[in-house]
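Q: This is the structure, below, for whatever I ask next.
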Amino acid sequence: MKEIILNIQNLTVSFDNDKVIDDLDFSVKKGDVIAIVGPNGAGKSVLFRTLMGLVPHLGKIEWSPGLKISYVPQKFSAEKDFPLTAREFLHLKSKNQDKITSALESVGLKNKQSDMHHIKHHLLDQRLGWLSGGQLQRILIAWAILDNPDVLLFDEPTTGIDIGGEETIYNLLKKLNDEMALTILLISHDLNIVYKYANSVLCLNKEKICFGPPREVLDPQALIKLYGGEAKFYKHEHKN
Amino acid sequence: MHDLYLQLTIAILIGIGAGYLGSFMVLKRMSLVGDALSHVALPGIALALLWNFNPFFGAFVVLFFATMGIWILEKKTELPSEALVGIFFTLSLAIGLLLTPEPELLEALFGDISKVSKNDLLITIGSVVVIIVTTSIINRGLIISTLSKDLARSMNVSVNKINFIFLIMVSLVVALGLKVVGTLLMGSLVIIPAAAAKNISVSISKYTFFAGLFGALASLGGIFAARLLTIPAGPSIVLTGGVIFLITLVLKRR
């Protein structure tokens with residue numbers, strides 16, 4: 001039995017008397033990949049911010065003591081004209097060149113053979129806002145794993161990544177999960193990703209609709225409850 | 001010290017401080033706050049003129065309270081406080097216009113670098129050093145919190161504290177710049193060098209450096225142009241900044 005590293009009980013978050021998360025319970029074990037799914041405005045990003053201690057809440061959030069948690073927020077304003085290079089961005093977290101190199105290797109932006117000059121020129125010395133969506137996500141993940149965290153909270157951006165690129169990002173997260181024993185909580189908008197990569201799914205629409213292994217708990221009923229009218233589309237995908 | 005050298009030294013130092021700090025204001029999308037803010041200084045200058053003390057202090061005190069107002073607004077509401085800032089600040093401009101003695105009005109509005117004293121030099125050196133050192137200390141937190149407030153908070157960067165310190169620096173630089181370009185043009189002294197630097201910089205280190213450099217060049221070129229053409233230095237400095245901006249725009253397009 002794997003050790004439980006996060007335990008959430010009766011978690012309720014309200015903004016101006018409006019409940020955004022209602023009486024949520026779930027727990028996370030070491031090494032889990034947990035996907036959080038739900039319609040827009042279901043409280044997914046708020047849940048992450050609450051877990052990071054950024055939002056006042058009622059109920060219990062118990063992290064195991066001494067855990068290092070890294071967070072990649074969805075809202076990230078690297079506009080095209082923001083003058084900050086990828087290298088400078090990474091330096092905001094750590095100036096240790098060895099750590100940076102190994103993080104770049106982990107996220108697949110550098111391999112042993114690749115020419116450092118090429119990487120410098122085309123990646124590290126480029127503005128963050130000029131990188132492709134996939135490259136930016138890899139840099140964000142590299143940033144997140146720079147200090148060898150135990151847990152990664154990854155809030156997927158809704159736009160900007162092509163399908164091919166998206167798939168490999170999840171391969172990458174899965175690889176980090178295997179190799180670094182990294183526990184991953186991710187917010188996803190794509191149920192296919194959830195089936196393929198997560199060992200548990202939390203269906204959230206203000207309250208918990210389902211929680212457990214995707215193939216067991218993502219039944220048509222749960223999906224209808226979660227997405228309402230949109231469910232047909234997802235049901236079809238589920239049968240494949 | 002020769003008058004011209006005194007003016008040049010003061011104007012260049014202020015150009016560096018305003019350009020450097022302005023680079024962060026532009027990133028934080030508060031360049032217009034800086035502009036509106038400079039209008040608040042007018043009642044402070046007016047009181048200083050009426051009661052005969054250095055207008056820098058009058059302006060700084062008023063600006064300090066105004067920035068605290070913005071800070072509290074930002075903290076409490078998380079909303080862009082633009083409309084309130086706009087209303088509050090134009091009102092204080094109106095009050096300032098009524099209070100300022102007529103003969104000094106033009107100076108207060110557009111600055112007059114020819115009236116600087118050695119005291120002003122000391123104030124300027126001290127303030128610019130404080131601005132640059134303080135901003136370099138908080139610059140990591142400033143950048144992270146500009147990228148994402150959540151990211152910053154998750155890394156234990158105290159966003160509120162950093163914004164607070166930053167706003168004090170803003171009021172300091174605005175109070176300084178009033179001497180050079182006056183209440184109405186101060187906004188441009190923080191915005192233009194930064195906007196020009198942004199055109200030609202990929203990295204933040206180059207961007208902040210060029211913003212300071214362009215601030216200095218605008219002051220230098222502006223004062224010489226003012227002498228040459230016998231025009232007031234304030235508008236001349238701002239226009240020189242405009243020329244620098246146009247040049248960087250052309251370089252960017254290539």
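The chains in the structure tokens are called A, B, ... from first to last as shown; in each chain the residues are counted from 1, and the ligands are counted from 1 in the order shown.
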Could you list the residues in chain B lying within 6 Å of chain A, using only C-alpha atoms, and format the result as a tab-separated table (two decimals) with C-alpha atoms, in the first residue's frame?

A:
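Ended up saving to selection-v1.tsv:
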chain	number	residue	atom	x	y	z
B	147	LEU	CA	4.50	36.69	-15.06
B	148	SER	CA	2.02	35.15	-12.68
B	202	VAL	CA	15.26	40.07	-26.26
B	203	SER	CA	16.32	39.65	-22.64
B	204	ILE	CA	15.27	41.42	-19.48

Q: Quick one: everything within 9 Å of B:Leu217, counting only C-alpha atoms, minus sequence neighbours fewer than 2 positions away in the same chain. Send it as a list of chain:residue names.

A: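 Those residues are B:Ile12, B:Gly15, B:Ile16, B:Gly212, B:Leu213, B:Phe214, B:Gly215, B:Ser219, B:Leu220, B:Gly221, B:Gly222, B:Ile237, B:Thr240, B:Gly241, B:Ile244.
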
Q: Would you write out those residues with C-alpha atoms, as a PDB file, in the first residue's frame?

A:
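Result written to part-v3.pdb:
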ATOM      1  CA  ILE B  12      21.033  62.329 -16.713  1.00  0.00           C
ATOM      2  CA  GLY B  15      16.868  59.877 -16.800  1.00  0.00           C
ATOM      3  CA  ILE B  16      18.658  56.708 -15.699  1.00  0.00           C
ATOM      4  CA  GLY B 212      18.247  53.392 -18.234  1.00  0.00           C
ATOM      5  CA  LEU B 213      20.608  54.271 -21.064  1.00  0.00           C
ATOM      6  CA  PHE B 214      17.863  55.772 -23.233  1.00  0.00           C
ATOM      7  CA  GLY B 215      16.600  57.762 -20.253  1.00  0.00           C
ATOM      8  CA  SER B 219      18.110  63.929 -20.946  1.00  0.00           C
ATOM      9  CA  LEU B 220      21.518  64.597 -22.455  1.00  0.00           C
ATOM     10  CA  GLY B 221      20.287  65.179 -25.999  1.00  0.00           C
ATOM     11  CA  GLY B 222      17.261  67.104 -24.774  1.00  0.00           C
ATOM     12  CA  ILE B 237      13.913  65.972 -23.381  1.00  0.00           C
ATOM     13  CA  THR B 240      14.408  63.527 -27.790  1.00  0.00           C
ATOM     14  CA  GLY B 241      13.013  60.425 -26.103  1.00  0.00           C
ATOM     15  CA  ILE B 244      15.011  57.509 -29.734  1.00  0.00           C
TER      16      ILE B 244
END

Q: Just list the residues in stretch 33-215 of chain A DSSP gives alpha helix (DSSP H) on the backbone, as a PDB file with C-alpha atoms, in the first residue's frame.

A:
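And here's selection38.pdb as it stands now:
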ATOM      1  CA  LYS A  44     -10.421  22.962 -11.115  1.00  0.00           C
ATOM      2  CA  SER A  45      -7.925  25.825 -11.168  1.00  0.00           C
ATOM      3  CA  VAL A  46      -9.329  27.110  -7.881  1.00  0.00           C
ATOM      4  CA  LEU A  47      -8.667  23.678  -6.382  1.00  0.00           C
ATOM      5  CA  PHE A  48      -4.996  23.913  -7.373  1.00  0.00           C
ATOM      6  CA  ARG A  49      -4.669  27.412  -6.015  1.00  0.00           C
ATOM      7  CA  THR A  50      -6.303  26.249  -2.800  1.00  0.00           C
ATOM      8  CA  LEU A  51      -3.907  23.303  -2.549  1.00  0.00           C
ATOM      9  CA  ALA A  86      14.057  31.210 -21.421  1.00  0.00           C
ATOM     10  CA  ARG A  87      17.429  31.184 -19.664  1.00  0.00           C
ATOM     11  CA  GLU A  88      16.542  34.236 -17.570  1.00  0.00           C
ATOM     12  CA  PHE A  89      13.242  32.628 -16.700  1.00  0.00           C
ATOM     13  CA  LEU A  90      14.968  29.478 -15.440  1.00  0.00           C
ATOM     14  CA  HIS A  91      17.506  31.613 -13.571  1.00  0.00           C
ATOM     15  CA  GLN A  97      23.849  25.377 -14.546  1.00  0.00           C
ATOM     16  CA  ASP A  98      24.069  21.625 -13.864  1.00  0.00           C
ATOM     17  CA  LYS A  99      20.538  21.567 -12.506  1.00  0.00           C
ATOM     18  CA  ILE A 100      19.290  23.535 -15.501  1.00  0.00           C
ATOM     19  CA  THR A 101      21.017  21.200 -17.945  1.00  0.00           C
ATOM     20  CA  SER A 102      19.608  18.137 -16.268  1.00  0.00           C
ATOM     21  CA  ALA A 103      16.100  19.654 -16.160  1.00  0.00           C
ATOM     22  CA  LEU A 104      16.351  20.450 -19.879  1.00  0.00           C
ATOM     23  CA  GLU A 105      17.375  16.858 -20.502  1.00  0.00           C
ATOM     24  CA  SER A 106      14.484  15.551 -18.430  1.00  0.00           C
ATOM     25  CA  MET A 116      24.735  23.252 -26.771  1.00  0.00           C
ATOM     26  CA  HIS A 117      25.289  26.135 -29.156  1.00  0.00           C
ATOM     27  CA  HIS A 118      22.116  25.243 -31.016  1.00  0.00           C
ATOM     28  CA  ILE A 119      20.097  25.036 -27.802  1.00  0.00           C
ATOM     29  CA  GLY A 133       3.423  26.313 -27.307  1.00  0.00           C
ATOM     30  CA  GLY A 134       5.079  22.936 -26.851  1.00  0.00           C
ATOM     31  CA  GLN A 135       8.492  24.423 -26.145  1.00  0.00           C
ATOM     32  CA  LEU A 136       7.018  26.868 -23.638  1.00  0.00           C
ATOM     33  CA  GLN A 137       5.280  24.042 -21.784  1.00  0.00           C
ATOM     34  CA  ARG A 138       8.507  22.083 -21.642  1.00  0.00           C
ATOM     35  CA  ILE A 139      10.335  25.111 -20.295  1.00  0.00           C
ATOM     36  CA  LEU A 140       7.583  25.553 -17.694  1.00  0.00           C
ATOM     37  CA  ILE A 141       7.906  21.922 -16.684  1.00  0.00           C
ATOM     38  CA  ALA A 142      11.709  22.230 -16.619  1.00  0.00           C
ATOM     39  CA  TRP A 143      11.248  25.225 -14.321  1.00  0.00           C
ATOM     40  CA  ALA A 144       8.874  23.230 -12.138  1.00  0.00           C
ATOM     41  CA  ILE A 145      11.242  20.272 -11.719  1.00  0.00           C
ATOM     42  CA  ILE A 163      -2.600  17.789 -30.691  1.00  0.00           C
ATOM     43  CA  GLY A 164       0.682  16.086 -31.581  1.00  0.00           C
ATOM     44  CA  GLY A 165       2.591  18.324 -29.215  1.00  0.00           C
ATOM     45  CA  GLU A 166       0.081  17.777 -26.460  1.00  0.00           C
ATOM     46  CA  GLU A 167       0.424  14.035 -26.553  1.00  0.00           C
ATOM     47  CA  THR A 168       4.178  14.181 -26.077  1.00  0.00           C
ATOM     48  CA  ILE A 169       3.832  16.554 -23.119  1.00  0.00           C
ATOM     49  CA  TYR A 170       1.826  13.847 -21.391  1.00  0.00           C
ATOM     50  CA  ASN A 171       4.347  11.191 -22.396  1.00  0.00           C
ATOM     51  CA  LEU A 172       6.883  13.447 -20.788  1.00  0.00           C
ATOM     52  CA  LEU A 173       4.882  13.866 -17.578  1.00  0.00           C
ATOM     53  CA  LYS A 174       4.395  10.093 -17.428  1.00  0.00           C
ATOM     54  CA  LYS A 175       8.138   9.621 -17.885  1.00  0.00           C
ATOM     55  CA  LEU A 176       8.882  12.055 -15.040  1.00  0.00           C
ATOM     56  CA  ASN A 177       6.348  10.199 -12.946  1.00  0.00           C
ATOM     57  CA  ASP A 178       8.185   6.906 -13.583  1.00  0.00           C
ATOM     58  CA  GLU A 179      11.755   8.130 -13.373  1.00  0.00           C
ATOM     59  CA  MET A 180      11.608  10.705 -10.605  1.00  0.00           C
ATOM     60  CA  LEU A 191     -10.632  12.672 -21.621  1.00  0.00           C
ATOM     61  CA  ASN A 192      -8.459  10.601 -23.965  1.00  0.00           C
ATOM     62  CA  ILE A 193      -5.421  11.894 -22.131  1.00  0.00           C
ATOM     63  CA  VAL A 194      -7.041  10.942 -18.863  1.00  0.00           C
ATOM     64  CA  TYR A 195      -7.665   7.331 -19.931  1.00  0.00           C
ATOM     65  CA  LYS A 196      -4.180   6.991 -21.247  1.00  0.00           C
ATOM     66  CA  TYR A 197      -2.065   8.567 -18.532  1.00  0.00           C
ATOM     67  CA  PRO A 214     -10.741   6.262 -15.048  1.00  0.00           C
ATOM     68  CA  ARG A 215     -12.064   3.040 -16.582  1.00  0.00           C
TER      69      ARG A 215
END

Q: Stretch 56-68 of chain A: which residues within 6 Å, counting only C-alpha atoms, same-chain residues fewer than 4 positions away excluded, as a list of chain:residue names?

A: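 The neighbour list is A:Ile5, A:Leu6, A:Asn7, A:Ile8, A:Gln9, A:Asn10, A:Leu11, A:Thr12, A:Val13, A:Pro149, A:Asp150.
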
Q: What is the distance between atom CA of B:Thr67 and atom CA of B:Leu37, in Å to one decimal?

A: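 A separation of 7.8 Å between them.
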
Q: I'd like the interatomic distance between atom CA of B:Gly141 and atom CA of B:Ser158, to a tenth of an Å.

A: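 Separating atom CA of B:Gly141 from atom CA of B:Ser158 is a distance of 7.8 Å.
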
Q: So which residues touch B:Lys118 within 12 Å, counting only C-alpha atoms, skipping near sequence neighbours fewer than 4 positions away, as a ChimeraX atom specification?

A: /B:1-3,5-7,9-10,114,122-125

Q: For A:Phe15, find every residue with an atom within 10 Å (counting only C-alpha atoms), except residues of its own chain fewer than 3 positions away, and show them as a PyMOL selection string.

A: chain A and resi 18-21+55-57

Q: What does the file look like for those residues with N, CA and C atoms, as a PDB file, in the first residue's frame?

A:
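Contents of again-v5.pdb, freshly written:
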ATOM      1  N   ASP A  18     -20.475  32.500  -2.824  1.00  0.00           N
ATOM      2  CA  ASP A  18     -20.788  31.630  -3.937  1.00  0.00           C
ATOM      3  C   ASP A  18     -19.844  30.437  -3.827  1.00  0.00           C
ATOM      4  N   LYS A  19     -20.412  29.246  -3.613  1.00  0.00           N
ATOM      5  CA  LYS A  19     -19.538  28.082  -3.419  1.00  0.00           C
ATOM      6  C   LYS A  19     -18.899  27.655  -4.735  1.00  0.00           C
ATOM      7  N   VAL A  20     -17.582  27.654  -4.770  1.00  0.00           N
ATOM      8  CA  VAL A  20     -16.864  27.265  -5.981  1.00  0.00           C
ATOM      9  C   VAL A  20     -16.423  25.807  -5.866  1.00  0.00           C
ATOM     10  N   ILE A  21     -16.099  25.399  -4.642  1.00  0.00           N
ATOM     11  CA  ILE A  21     -15.809  23.995  -4.370  1.00  0.00           C
ATOM     12  C   ILE A  21     -16.639  23.628  -3.151  1.00  0.00           C
ATOM     13  N   VAL A  55      -5.665  30.438  -1.496  1.00  0.00           N
ATOM     14  CA  VAL A  55      -7.075  30.812  -1.428  1.00  0.00           C
ATOM     15  C   VAL A  55      -7.610  30.402  -0.058  1.00  0.00           C
ATOM     16  N   PRO A  56      -8.339  31.292   0.614  1.00  0.00           N
ATOM     17  CA  PRO A  56      -8.924  30.909   1.905  1.00  0.00           C
ATOM     18  C   PRO A  56      -9.970  29.800   1.722  1.00  0.00           C
ATOM     19  N   HIS A  57     -10.032  28.883   2.682  1.00  0.00           N
ATOM     20  CA  HIS A  57     -10.941  27.748   2.513  1.00  0.00           C
ATOM     21  C   HIS A  57     -11.417  27.229   3.863  1.00  0.00           C
TER      22      HIS A  57
END

Q: Would you work out the distance separating atom CA of A:Asp16 from atom CA of B:Asn160, expressed in Å to one decimal?

A: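 Rounded to one decimal, the two atoms are 21.6 Å apart.
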